[in-house]
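Novice: Got a structure for you, upload.tsv, holding TSV, C-alpha atoms.
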chain	number	residue	atom	x	y	z
A	1	MET	CA	-140.90	-328.41	116.66
A	2	LYS	CA	-143.40	-325.68	116.05
A	3	ASN	CA	-146.64	-325.81	114.19
A	4	HIS	CA	-146.93	-323.13	111.51
A	5	ASN	CA	-149.87	-321.67	113.36
A	6	SER	CA	-147.62	-320.70	116.20
A	7	TYR	CA	-145.70	-318.24	114.02
A	8	ASP	CA	-146.94	-314.69	113.89
A	9	LEU	CA	-146.51	-314.07	110.18
A	10	LYS	CA	-147.22	-310.36	110.41
A	11	LYS	CA	-144.58	-309.96	113.06
A	12	ILE	CA	-142.08	-311.94	111.03
A	13	THR	CA	-142.72	-309.80	107.96
A	14	SER	CA	-142.33	-306.51	109.78
A	15	LYS	CA	-139.24	-307.68	111.63
A	16	TYR	CA	-137.34	-309.24	108.72
A	17	ARG	CA	-138.38	-307.14	105.75
A	18	PRO	CA	-135.95	-304.30	106.59
A	19	ILE	CA	-133.10	-306.79	107.03
A	20	VAL	CA	-133.88	-308.56	103.74
A	21	THR	CA	-134.18	-305.18	102.00
A	22	PHE	CA	-130.81	-304.11	103.31
A	23	LYS	CA	-129.09	-307.30	102.16
A	24	VAL	CA	-130.73	-307.26	98.71
A	25	LYS	CA	-129.84	-303.62	98.10
A	26	LYS	CA	-126.30	-304.13	99.27
A	27	SER	CA	-125.84	-307.09	96.97
A	28	ILE	CA	-127.46	-305.85	93.79
A	29	GLY	CA	-127.28	-302.07	94.27
A	30	SER	CA	-130.16	-299.89	95.36
A	31	HIS	CA	-130.38	-298.15	92.00
A	32	THR	CA	-131.27	-301.50	90.45
A	33	PRO	CA	-135.03	-301.23	89.99
A	34	GLU	CA	-135.61	-304.94	90.59
A	35	TRP	CA	-134.62	-304.82	94.26
A	36	GLU	CA	-138.15	-304.27	95.47
A	37	ASP	CA	-139.60	-307.19	93.50
A	38	ILE	CA	-136.86	-309.43	94.80
A	39	VAL	CA	-137.58	-308.44	98.41
A	40	ASN	CA	-141.29	-309.08	97.87
A	41	GLU	CA	-140.56	-312.50	96.41
A	42	ILE	CA	-138.32	-313.45	99.31
A	43	MET	CA	-140.93	-312.42	101.89
A	44	LEU	CA	-143.72	-314.25	100.06
A	45	ASN	CA	-141.60	-317.32	99.68
A	46	THR	CA	-140.81	-317.26	103.39
A	47	ILE	CA	-144.45	-317.04	104.39
A	48	GLU	CA	-145.42	-319.82	101.99
A	49	LYS	CA	-142.76	-322.10	103.36
A	50	ILE	CA	-143.84	-321.45	106.93
A	51	LYS	CA	-147.53	-321.95	106.08
A	52	SER	CA	-146.94	-325.16	104.15
A	53	GLY	CA	-144.91	-326.53	107.01
A	54	GLU	CA	-141.79	-326.80	104.87
A	55	PHE	CA	-139.99	-324.75	107.50
A	56	LYS	CA	-139.91	-327.02	110.49
A	57	GLY	CA	-138.01	-324.82	112.89
A	58	GLU	CA	-134.69	-326.71	112.68
A	59	SER	CA	-132.96	-323.38	112.50
A	60	SER	CA	-133.94	-319.94	113.73
A	61	VAL	CA	-136.36	-317.95	111.56
A	62	GLY	CA	-133.54	-315.46	110.89
A	63	THR	CA	-131.23	-318.13	109.50
A	64	PHE	CA	-134.06	-319.61	107.46
A	65	ILE	CA	-134.84	-316.24	105.85
A	66	TYR	CA	-131.15	-315.56	105.32
A	67	THR	CA	-130.81	-318.80	103.35
A	68	ILE	CA	-133.75	-317.91	101.10
A	69	THR	CA	-132.38	-314.40	100.60
A	70	ARG	CA	-128.89	-315.56	99.74
A	71	ARG	CA	-130.13	-318.11	97.20
A	72	ARG	CA	-132.39	-315.59	95.51
A	73	ILE	CA	-129.56	-313.08	95.16
A	74	VAL	CA	-127.13	-315.65	93.78
A	75	ASP	CA	-129.78	-316.59	91.25
A	76	TYR	CA	-130.35	-312.96	90.26
A	77	ILE	CA	-126.65	-312.20	89.84
A	78	ARG	CA	-126.09	-315.34	87.78
A	79	ARG	CA	-128.89	-314.40	85.39
A	80	LYS	CA	-127.76	-310.82	85.17
A	81	LYS	CA	-124.21	-311.85	84.34
A	82	ARG	CA	-125.48	-314.01	81.52
A	83	ARG	CA	-127.51	-311.09	80.17
A	84	ALA	CA	-124.68	-308.60	80.64
A	85	HIS	CA	-122.64	-310.39	77.99
A	86	LYS	CA	-125.33	-309.79	75.41
A	87	TYR	CA	-126.08	-306.14	76.01
A	88	ILE	CA	-125.34	-303.38	78.43
A	89	PRO	CA	-128.11	-303.35	81.01
A	90	GLU	CA	-130.25	-300.27	81.22
A	91	SER	CA	-130.40	-298.63	84.56
A	92	ASP	CA	-132.79	-296.29	86.20
A	93	PRO	CA	-131.15	-293.66	88.38
A	94	PHE	CA	-134.36	-292.81	90.20
A	95	PRO	CA	-136.00	-296.06	91.23
A	96	ASP	CA	-137.76	-295.18	94.46
A	97	PRO	CA	-138.64	-291.48	94.63
A	98	HIS	CA	-140.53	-291.72	97.89
A	99	GLU	CA	-137.76	-293.36	99.83
A	100	GLN	CA	-135.21	-291.28	98.02
A	101	ILE	CA	-136.73	-288.02	99.29
A	102	GLU	CA	-136.98	-289.25	102.85
A	103	ASN	CA	-133.41	-290.49	102.81
A	104	LYS	CA	-132.24	-287.36	101.08
A	105	GLU	CA	-133.48	-285.15	103.89
A	106	ARG	CA	-131.82	-287.32	106.49
A	107	ALA	CA	-128.64	-287.48	104.46
A	108	GLU	CA	-128.50	-283.72	104.13
A	109	MET	CA	-128.93	-283.26	107.85
A	110	LEU	CA	-126.27	-285.83	108.56
A	111	ALA	CA	-123.89	-284.12	106.13
A	112	LYS	CA	-124.46	-280.81	107.88
A	113	LYS	CA	-123.74	-282.29	111.30
A	114	LEU	CA	-120.65	-283.98	109.93
A	115	GLU	CA	-119.36	-280.68	108.70
A	116	GLU	CA	-119.81	-279.17	112.14
A	117	LEU	CA	-117.90	-281.87	114.01
A	118	LYS	CA	-114.74	-280.96	115.89
A	119	PRO	CA	-111.61	-281.42	113.75
A	120	LYS	CA	-110.50	-284.32	115.94
A	121	TYR	CA	-113.54	-286.39	114.97
A	122	LYS	CA	-113.88	-285.04	111.49
A	123	THR	CA	-110.32	-286.01	110.64
A	124	ILE	CA	-110.82	-289.56	111.80
A	125	LEU	CA	-113.98	-290.00	109.72
A	126	TYR	CA	-112.26	-288.38	106.76
A	127	LEU	CA	-109.31	-290.75	106.84
A	128	TYR	CA	-111.16	-293.89	107.85
A	129	TYR	CA	-114.38	-293.70	105.85
A	130	TYR	CA	-113.76	-291.17	103.09
A	131	LYS	CA	-110.19	-292.07	102.19
A	132	ASP	CA	-110.74	-295.74	103.00
A	133	LEU	CA	-107.54	-296.05	104.98
A	134	SER	CA	-107.21	-299.07	107.25
A	135	ARG	CA	-107.31	-298.74	111.01
A	136	ARG	CA	-103.55	-299.29	111.06
A	137	GLU	CA	-102.89	-296.61	108.44
A	138	VAL	CA	-105.07	-294.08	110.22
A	139	ALA	CA	-103.32	-294.87	113.48
A	140	GLN	CA	-99.92	-294.33	111.87
A	141	ARG	CA	-100.92	-291.05	110.33
A	142	LEU	CA	-102.32	-289.62	113.54
A	143	GLY	CA	-99.75	-291.17	115.84
A	144	ILE	CA	-102.32	-292.99	117.95
A	145	SER	CA	-103.02	-296.70	118.55
A	146	PRO	CA	-105.37	-298.66	116.25
A	147	ARG	CA	-107.57	-299.24	119.26
A	148	LYS	CA	-107.84	-295.52	119.79
A	149	VAL	CA	-108.90	-295.15	116.14
A	150	SER	CA	-111.87	-297.48	116.70
A	151	GLU	CA	-112.80	-295.69	119.88
A	152	ARG	CA	-112.69	-292.30	118.22
A	153	VAL	CA	-114.79	-293.46	115.25
A	154	HIS	CA	-117.25	-294.94	117.69
A	155	TYR	CA	-117.41	-291.75	119.68
A	156	ALA	CA	-117.83	-289.60	116.57
A	157	GLN	CA	-120.80	-291.74	115.65
A	158	LYS	CA	-122.28	-291.34	119.07
A	159	LEU	CA	-121.92	-287.56	118.80
A	160	LEU	CA	-123.68	-287.58	115.43
A	161	ARG	CA	-126.47	-289.77	116.75
A	162	ASN	CA	-127.11	-287.30	119.56
A	163	LEU	CA	-126.90	-284.26	117.28
A	164	ILE	CA	-129.50	-285.74	114.96
A	165	LYS	CA	-131.89	-286.62	117.78
A	166	LYS	CA	-131.94	-283.01	118.97
B	1	MET	CA	-124.69	-303.21	127.53
B	2	LYS	CA	-122.47	-306.14	126.59
B	3	LYS	CA	-120.76	-305.82	123.24
B	4	CYS	CA	-121.57	-308.40	120.61
B	5	ARG	CA	-118.48	-310.22	119.33
B	6	TYR	CA	-119.54	-309.55	115.75
B	7	GLU	CA	-119.62	-305.79	116.17
B	8	ASP	CA	-115.99	-305.36	115.18
B	9	LEU	CA	-116.72	-306.86	111.77
B	10	ILE	CA	-119.28	-304.23	110.74
B	11	ASP	CA	-116.85	-301.88	108.99
B	12	ASP	CA	-115.08	-304.68	107.20
B	13	TYR	CA	-118.41	-306.03	106.06
B	14	LEU	CA	-119.64	-302.70	104.74
B	15	PHE	CA	-116.37	-302.18	102.89
B	16	ASN	CA	-116.48	-305.70	101.45
B	17	ARG	CA	-113.29	-306.70	103.13
B	18	LEU	CA	-114.49	-310.01	104.57
B	19	SER	CA	-113.74	-313.38	102.99
B	20	LYS	CA	-116.75	-315.15	101.49
B	21	GLY	CA	-117.08	-317.53	104.43
B	22	LYS	CA	-116.72	-314.84	107.04
B	23	LYS	CA	-119.16	-312.62	105.16
B	24	GLU	CA	-121.86	-315.29	105.12
B	25	GLU	CA	-121.31	-316.06	108.77
B	26	PHE	CA	-121.65	-312.39	109.57
B	27	GLU	CA	-124.78	-311.98	107.44
B	28	GLU	CA	-126.44	-314.97	109.06
B	29	HIS	CA	-125.59	-313.36	112.37
B	30	PHE	CA	-127.22	-310.01	111.67
B	31	PHE	CA	-130.33	-311.73	110.37
B	32	ASN	CA	-130.56	-313.05	113.92
B	33	CYS	CA	-129.21	-310.11	115.90
B	34	PRO	CA	-131.37	-306.96	115.84
B	35	ARG	CA	-128.76	-305.03	117.78
B	36	CYS	CA	-126.04	-305.60	115.19
B	37	PHE	CA	-128.46	-304.87	112.38
B	38	GLU	CA	-129.35	-301.50	113.90
B	39	GLN	CA	-125.66	-300.63	114.05
B	40	ILE	CA	-125.06	-301.78	110.48
B	41	LYS	CA	-127.90	-299.59	109.25
B	42	GLU	CA	-126.57	-296.59	111.12
B	43	LYS	CA	-122.99	-297.06	109.93
B	44	ASN	CA	-124.13	-297.75	106.39
B	45	GLU	CA	-126.04	-294.50	106.32
B	46	LEU	CA	-123.06	-292.60	107.68
B	47	ILE	CA	-120.68	-294.16	105.14
B	48	SER	CA	-123.09	-293.50	102.26
B	49	VAL	CA	-123.37	-289.84	103.20
B	50	ILE	CA	-119.60	-289.56	103.59
B	51	LYS	CA	-119.06	-291.21	100.20
B	52	ASP	CA	-121.70	-289.17	98.40
B	53	LYS	CA	-121.14	-285.79	99.98
B	54	GLY	CA	-117.59	-286.18	101.25
B	55	ASP	CA	-116.26	-283.78	98.64
B	56	SER	CA	-118.10	-280.91	100.27
B	57	ILE	CA	-118.13	-282.17	103.88
B	58	PHE	CA	-114.35	-282.48	103.93
B	59	LYS	CA	-113.59	-279.46	101.75
B	60	ASP	CA	-111.37	-277.88	104.39
B	61	MET	CA	-109.43	-281.10	104.97
B	62	ARG	CA	-108.70	-281.47	101.29
B	63	ILE	CA	-107.57	-277.86	101.04
B	64	GLU	CA	-105.26	-278.49	103.97
B	65	GLU	CA	-103.75	-281.54	102.30
B	66	GLU	CA	-103.39	-279.75	99.00
B	67	SER	CA	-101.69	-276.77	100.57
B	68	LYS	CA	-99.26	-279.19	102.23
B	69	ASN	CA	-98.48	-280.62	98.82
B	70	ARG	CA	-98.09	-277.15	97.38
B	71	THR	CA	-95.62	-276.23	100.09
B	72	ARG	CA	-93.68	-279.34	99.22
B	73	ASP	CA	-93.68	-278.33	95.55
B	74	LYS	CA	-92.49	-274.87	96.47
B	75	ILE	CA	-89.60	-276.27	98.44
B	76	PHE	CA	-88.58	-278.43	95.54
B	77	GLY	CA	-89.01	-275.56	93.15
B	78	PHE	CA	-86.74	-273.42	95.29
B	79	LEU	CA	-84.03	-276.04	95.34
B	80	SER	CA	-83.57	-276.17	91.58
B	81	PRO	CA	-81.51	-276.65	89.47
B	82	LYS	CA	-79.87	-279.32	91.66
B	83	PRO	CA	-83.04	-281.43	91.71
B	84	LEU	CA	-83.08	-281.12	87.95
B	85	ILE	CA	-79.85	-283.03	87.77
B	86	SER	CA	-81.06	-285.66	90.18
B	87	ALA	CA	-84.36	-285.82	88.30
B	88	THR	CA	-82.47	-286.45	85.07
B	89	LEU	CA	-80.50	-289.17	86.76
B	90	THR	CA	-83.65	-290.73	88.15
B	91	ALA	CA	-85.32	-290.55	84.76
B	92	ALA	CA	-82.33	-292.26	83.18
B	93	LEU	CA	-82.48	-294.93	85.84
B	94	VAL	CA	-86.19	-295.41	85.30
B	95	LEU	CA	-85.62	-295.75	81.56
B	96	ILE	CA	-82.99	-298.37	82.19
B	97	ILE	CA	-85.38	-300.24	84.44
B	98	ILE	CA	-88.27	-299.96	81.99
B	99	PHE	CA	-86.31	-301.12	78.99
B	100	GLY	CA	-84.02	-303.47	80.81
B	101	ILE	CA	-86.15	-305.26	83.36
B	102	ILE	CA	-89.83	-304.43	83.06
B	103	PRO	CA	-90.54	-305.88	79.57
B	104	ASN	CA	-90.71	-309.34	81.16
B	105	ILE	CA	-93.61	-308.14	83.23
B	106	THR	CA	-95.44	-305.83	80.84
B	107	ASN	CA	-95.69	-308.47	78.14
B	108	GLU	CA	-97.99	-310.38	80.42
B	109	THR	CA	-101.69	-309.69	80.16
B	110	PRO	CA	-102.94	-308.04	83.29
B	111	GLU	CA	-105.75	-309.80	85.04
B	112	PHE	CA	-108.04	-307.98	87.38
B	113	MET	CA	-109.50	-309.88	90.27
B	114	MET	CA	-112.69	-308.44	91.63
B	115	SER	CA	-114.65	-309.30	94.72
B	116	ASP	CA	-118.10	-310.64	93.91
B	117	ASP	CA	-120.23	-308.07	95.57
B	118	ALA	CA	-118.89	-304.61	95.76
B	119	ILE	CA	-121.87	-302.39	95.63
B	120	ARG	CA	-123.01	-300.17	98.39
B	121	GLY	CA	-125.78	-297.72	99.01
B	122	SER	CA	-126.99	-295.85	95.98
B	123	SER	CA	-123.68	-296.38	94.32
B	124	ILE	CA	-122.71	-297.22	90.79
B	125	THR	CA	-122.48	-300.87	89.95
B	126	LEU	CA	-119.06	-301.80	88.78
B	127	ILE	CA	-119.40	-304.64	86.31
B	128	SER	CA	-115.84	-305.15	85.24
B	129	GLU	CA	-114.53	-308.54	86.16
B	130	ALA	CA	-111.51	-310.31	84.80
B	131	ILE	CA	-111.37	-308.01	81.79
B	132	PRO	CA	-107.73	-307.31	81.03
B	133	SER	CA	-106.85	-303.65	81.39
B	134	GLU	CA	-110.43	-302.53	80.81
B	135	PHE	CA	-112.73	-301.28	83.49
B	136	ARG	CA	-116.45	-301.17	82.96
B	137	TRP	CA	-119.34	-299.93	85.07
B	138	GLU	CA	-123.05	-299.55	84.69
B	139	ASP	CA	-124.12	-296.66	82.48
B	140	LEU	CA	-126.32	-294.12	84.27
B	141	GLY	CA	-127.63	-292.34	81.17
B	142	ASN	CA	-126.68	-289.68	78.64
B	143	ASP	CA	-124.54	-286.63	79.38
B	144	ILE	CA	-123.15	-288.14	82.53
B	145	GLU	CA	-119.50	-287.61	83.17
B	146	TYR	CA	-117.63	-290.31	85.03
B	147	LYS	CA	-114.44	-289.89	86.93
B	148	VAL	CA	-112.40	-293.03	87.40
B	149	PHE	CA	-109.85	-293.30	90.18
B	150	ILE	CA	-107.12	-295.86	90.72
B	151	TYR	CA	-105.55	-296.03	94.14
B	152	ASN	CA	-102.75	-297.87	95.79
B	153	ASP	CA	-102.41	-296.34	99.22
B	154	GLU	CA	-102.79	-292.93	97.66
B	155	LEU	CA	-104.46	-291.80	94.46
B	156	LEU	CA	-102.45	-293.22	91.58
B	157	TRP	CA	-104.41	-292.01	88.58
B	158	GLU	CA	-107.67	-290.32	87.71
B	159	LYS	CA	-109.44	-289.66	84.44
B	160	SER	CA	-112.78	-288.30	83.27
B	161	THR	CA	-114.83	-289.90	80.53
B	162	GLN	CA	-118.38	-289.97	79.17
B	163	ASN	CA	-118.20	-293.66	78.31
B	164	ASN	CA	-118.86	-296.42	80.77
B	165	THR	CA	-115.57	-298.13	80.13
B	166	ILE	CA	-111.94	-297.11	80.37
B	167	SER	CA	-108.52	-298.57	79.71
B	168	LEU	CA	-105.41	-297.83	81.67
B	169	PRO	CA	-102.60	-296.00	79.88
B	170	GLU	CA	-99.35	-297.94	79.54
B	171	GLU	CA	-97.46	-295.57	81.79
B	172	ILE	CA	-99.76	-296.39	84.68
B	173	LYS	CA	-99.68	-300.10	84.01
B	174	THR	CA	-95.91	-300.11	84.22
B	175	LYS	CA	-96.17	-298.46	87.60
B	176	MET	CA	-98.39	-301.22	88.95
B	177	ILE	CA	-96.70	-304.10	90.65
B	178	PRO	CA	-98.13	-307.59	90.05
B	179	GLY	CA	-99.44	-309.19	93.22
B	180	LYS	CA	-99.95	-305.87	94.96
B	181	SER	CA	-103.46	-304.85	95.74
B	182	TYR	CA	-105.02	-301.76	94.17
B	183	SER	CA	-108.49	-300.34	94.20
B	184	TRP	CA	-110.63	-298.45	91.73
B	185	GLN	CA	-113.67	-296.26	92.07
B	186	VAL	CA	-116.06	-294.45	89.77
B	187	LYS	CA	-117.93	-291.23	90.51
B	188	ALA	CA	-120.70	-289.92	88.29
B	189	PHE	CA	-121.33	-286.21	87.68
B	190	SER	CA	-124.28	-284.46	86.08
B	191	PRO	CA	-123.68	-282.11	83.14
B	192	GLU	CA	-123.72	-279.26	85.68
B	193	GLY	CA	-120.90	-280.93	87.54
B	194	THR	CA	-122.76	-282.12	90.62
B	195	LEU	CA	-121.80	-285.46	92.05
B	196	ILE	CA	-124.69	-287.85	91.45
B	197	SER	CA	-123.34	-291.15	92.57
B	198	SER	CA	-120.23	-292.84	93.73
B	199	SER	CA	-119.17	-296.47	93.72
B	200	SER	CA	-117.28	-298.00	96.58
B	201	LYS	CA	-113.59	-298.59	96.21
B	202	VAL	CA	-113.16	-302.07	94.80
B	203	GLN	CA	-109.96	-303.93	95.34
B	204	PHE	CA	-108.20	-305.76	92.59
B	205	THR	CA	-104.89	-307.45	92.14
B	206	TRP	CA	-102.81	-307.40	89.07
B	207	ARG	CA	-101.69	-310.95	88.67
B	208	LYS	CA	-98.89	-312.31	86.58
B	209	ASN	CA	-100.04	-314.72	83.91
B	210	ASN	CA	-97.82	-317.73	83.76
Go ahead and express the file in the form of structure tokens.
Specialist:
Amino acid sequence: MKNHNSYDLKKITSKYRPIVTFKVKKSIGSHTPEWEDIVNEIMLNTIEKIKSGEFKGESSVGTFIYTITRRRIVDYIRRKKRRAHKYIPESDPFPDPHEQIENKERAEMLAKKLEELKPKYKTILYLYYYKDLSRREVAQRLGISPRKVSERVHYAQKLLRNLIKK
Amino acid sequence: MKKCRYEDLIDDYLFNRLSKGKKEEFEEHFFNCPRCFEQIKEKNELISVIKDKGDSIFKDMRIEEESKNRTRDKIFGFLSPKPLISATLTAALVLIIIFGIIPNITNETPEFMMSDDAIRGSSITLISEAIPSEFRWEDLGNDIEYKVFIYNDELLWEKSTQNNTISLPEEIKTKMIPGKSYSWQVKAFSPEGTLISSSSKVQFTWRKNN
């Protein structure tokens, strides 16, 4: 069992914040303006629980933070559902301009590289990710094995990764 | 580098295809596995871009598919009037089926089963749940045009609206088989016609009410 002093809180925050952010945005939608507050709450709550000794290291830090995150999201969705019956929630289409711009540039570059891919790889991404066909359906359409579909998707991704690094 | 046994679940997770239990197991895993998390982030970005900008990225593919369809139409057009006769026969048959057999099914209220979290990236939040024959999503503001799509394996129906709710026409409902899984999706367009946002495809099942 670890003493709370043996945890590097800064390191924990910088390591887990992106993961918590990802999960929160995926669950409640990134256009929902509250996502940032919720992430902040989860991180604060985590640090408090480690400092107070409530987290005793029975599980890994990752699992501990996941539990806090999941509970907070369930709570948020439950409240929102209750509210949604009374009125239609307002939404803000531009919640995080800074991040939006950064992501936008990356997204545009990625889109350009996608357009330039060889037809072989472009087709597979088109069917599998754009048209949402299952691995089996894509395989049938192209006359290749489902395994080959995964391999090709994987390879297309690798190509894109390299193109973006350049 | 050795492959993590959870890696194969990444796509299914991002497309909300995992069962609740499997999903939680997978999430707990990536909270503990930096390698998987990196891959999830990368794939998520790729899928978001494909969903948001797919219309222009895959322009040429869509044109190809459409021209295939057109060729098919041309062939059928060329074969008339024989197909006309068979079409009449088919229509008669369909009418018999609709009025003879289907009423037992269509009298039942459709029930739409949604998965609990079906939101990805900067997508639109779909808030419809078990609302019979009505689909609802989060409003993104004034002057936004939404396009709603219903798919089985292929596109079954699409319709534009400025509201944030839509009902299915009867003719589509009769085409939908209870117990079979369908999906729906909403895309939002600015007044100028640019795609602003897109929801993921959300699966639902039309269940018989006993």
Novice: Define the interface residues of chain A facing chain B as those within 7 Å, counting all atoms listed in the file, and report them as a PyMOL selection string.
Specialist: chain A and resi 19+26-31+62-63+66+91+93+107+111+114-115+126+129-130
Novice: Which residue gives the smallest distance to B:Cys4 among B:Glu171, B:Gln39, B:Ile177, B:Ser19, with only C-alpha atoms counted?
Specialist: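 Among the listed residues, B:Gln39 lies closest to B:Cys4.
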Novice: Would you mind reading off the distance between atom CA of B:Leu195 and atom CA of B:Leu9, one decimal, in Å?
Specialist: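 Spanning atom CA of B:Leu195 to atom CA of B:Leu9 is a straight-line distance of 29.5 Å.
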Novice: Just how far from atom CA of B:Lys159 is atom CA of A:Leu127, in Å to one decimal?
Specialist: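 Atom CA of B:Lys159 lies 22.4 Å from atom CA of A:Leu127.
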Novice: What does the distance from atom CA of B:Ala188 to atom CA of B:Tyr146 come to in Å, to one decimal?
Specialist: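 Interatomic distance, atom CA of B:Ala188 to atom CA of B:Tyr146: 4.5 Å.
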Novice: Would you mind telling me which residue in B:Trp157, B:Tyr13, B:Phe204, B:Phe189 lies nearest to B:Glu170 when using all atoms listed in the file?
Specialist: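 So, comparing all the options, the nearest one is B:Trp157.
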Novice: What's the 12 Å shell around A:Leu9, counting only C-alpha atoms, without same-chain residues fewer than 5 positions away, as a count of residues only?
Specialist: 14
Novice: Given all atoms listed in the file as the basis, pick out the residue of A:Lys11, A:Lys80, A:Arg106, A:Arg152 nearest to A:Ile164.
Specialist: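 Among the listed residues, the smallest separation from A:Ile164 belongs to A:Arg106.
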Novice: Applying 8 Å and only C-alpha atoms, which residues near A:Val138 remain after dropping the ones on its own chain fewer than 2 positions away? List them as a count of residues only.
Specialist: 12
Novice: Can you tell me, as AutoDock Vina command-line options, the centre and edge lengths (Å, one decimal) of the axis-aligned box enclosing all of stretch 46-53 of chain A's listed atoms after padding each side by 3 Å?
Specialist:
--center_x -144.2 --center_y -321.8 --center_z 104.5 --size_x 12.7 --size_y 15.5 --size_z 11.0
Novice: Can you pull out the residues contacting B:Ile150? Cut-off 7 Å, using only C-alpha atoms, and skip same-chain residues under 4 positions away; I want them as a PDB file with C-alpha atoms, keeping the file's coordinate frame.
Specialist:
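Saved the output as part07.pdb:
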ATOM      1  CA  LEU B 155    -104.460-291.800  94.460  1.00  0.00           C
ATOM      2  CA  LEU B 156    -102.450-293.220  91.580  1.00  0.00           C
ATOM      3  CA  TRP B 157    -104.410-292.010  88.580  1.00  0.00           C
ATOM      4  CA  GLU B 158    -107.670-290.320  87.710  1.00  0.00           C
ATOM      5  CA  SER B 183    -108.490-300.340  94.200  1.00  0.00           C
ATOM      6  CA  TRP B 184    -110.630-298.450  91.730  1.00  0.00           C
ATOM      7  CA  GLN B 185    -113.670-296.260  92.070  1.00  0.00           C
TER       8      GLN B 185
END
Novice: Model the absent atoms of stretch 44-58 of chain B so that N, CA and C atoms are present, and write the result as a PDB file, in the frame of the given file.
Specialist:
ATOM      1  N   ASN B  44    -123.972-297.750 107.835  1.00  0.00           N
ATOM      2  CA  ASN B  44    -124.130-297.750 106.390  1.00  0.00           C
ATOM      3  C   ASN B  44    -124.616-296.376 105.916  1.00  0.00           C
ATOM      4  N   GLU B  45    -125.528-295.823 106.677  1.00  0.00           N
ATOM      5  CA  GLU B  45    -126.040-294.500 106.320  1.00  0.00           C
ATOM      6  C   GLU B  45    -124.922-293.460 106.405  1.00  0.00           C
ATOM      7  N   LEU B  46    -124.166-293.545 107.484  1.00  0.00           N
ATOM      8  CA  LEU B  46    -123.060-292.600 107.680  1.00  0.00           C
ATOM      9  C   LEU B  46    -122.050-292.721 106.537  1.00  0.00           C
ATOM     10  N   ILE B  47    -121.685-293.950 106.199  1.00  0.00           N
ATOM     11  CA  ILE B  47    -120.680-294.160 105.140  1.00  0.00           C
ATOM     12  C   ILE B  47    -121.238-293.674 103.795  1.00  0.00           C
ATOM     13  N   SER B  48    -122.514-293.953 103.538  1.00  0.00           N
ATOM     14  CA  SER B  48    -123.090-293.500 102.260  1.00  0.00           C
ATOM     15  C   SER B  48    -123.034-291.987 102.143  1.00  0.00           C
ATOM     16  N   VAL B  49    -123.399-291.314 103.237  1.00  0.00           N
ATOM     17  CA  VAL B  49    -123.370-289.840 103.200  1.00  0.00           C
ATOM     18  C   VAL B  49    -121.935-289.357 103.003  1.00  0.00           C
ATOM     19  N   ILE B  50    -121.005-289.966 103.718  1.00  0.00           N
ATOM     20  CA  ILE B  50    -119.600-289.560 103.590  1.00  0.00           C
ATOM     21  C   ILE B  50    -119.113-289.790 102.164  1.00  0.00           C
ATOM     22  N   LYS B  51    -119.501-290.915 101.567  1.00  0.00           N
ATOM     23  CA  LYS B  51    -119.060-291.210 100.200  1.00  0.00           C
ATOM     24  C   LYS B  51    -119.707-290.258  99.184  1.00  0.00           C
ATOM     25  N   ASP B  52    -120.990-289.999  99.377  1.00  0.00           N
ATOM     26  CA  ASP B  52    -121.700-289.170  98.400  1.00  0.00           C
ATOM     27  C   ASP B  52    -121.390-287.685  98.528  1.00  0.00           C
ATOM     28  N   LYS B  53    -121.301-287.232  99.773  1.00  0.00           N
ATOM     29  CA  LYS B  53    -121.140-285.790  99.980  1.00  0.00           C
ATOM     30  C   LYS B  53    -119.794-285.426 100.570  1.00  0.00           C
ATOM     31  N   GLY B  54    -118.911-286.406 100.639  1.00  0.00           N
ATOM     32  CA  GLY B  54    -117.590-286.180 101.250  1.00  0.00           C
ATOM     33  C   GLY B  54    -116.835-285.014 100.638  1.00  0.00           C
ATOM     34  N   ASP B  55    -116.995-284.848  99.316  1.00  0.00           N
ATOM     35  CA  ASP B  55    -116.260-283.780  98.640  1.00  0.00           C
ATOM     36  C   ASP B  55    -116.542-282.424  99.277  1.00  0.00           C
ATOM     37  N   SER B  56    -117.809-282.199  99.647  1.00  0.00           N
ATOM     38  CA  SER B  56    -118.100-280.910 100.270  1.00  0.00           C
ATOM     39  C   SER B  56    -117.943-280.945 101.785  1.00  0.00           C
ATOM     40  N   ILE B  57    -118.261-282.107 102.419  1.00  0.00           N
ATOM     41  CA  ILE B  57    -118.130-282.170 103.880  1.00  0.00           C
ATOM     42  C   ILE B  57    -116.670-281.940 104.291  1.00  0.00           C
ATOM     43  N   PHE B  58    -115.759-282.538 103.537  1.00  0.00           N
ATOM     44  CA  PHE B  58    -114.350-282.480 103.930  1.00  0.00           C
ATOM     45  C   PHE B  58    -113.532-281.483 103.113  1.00  0.00           C
TER      46      PHE B  58
END
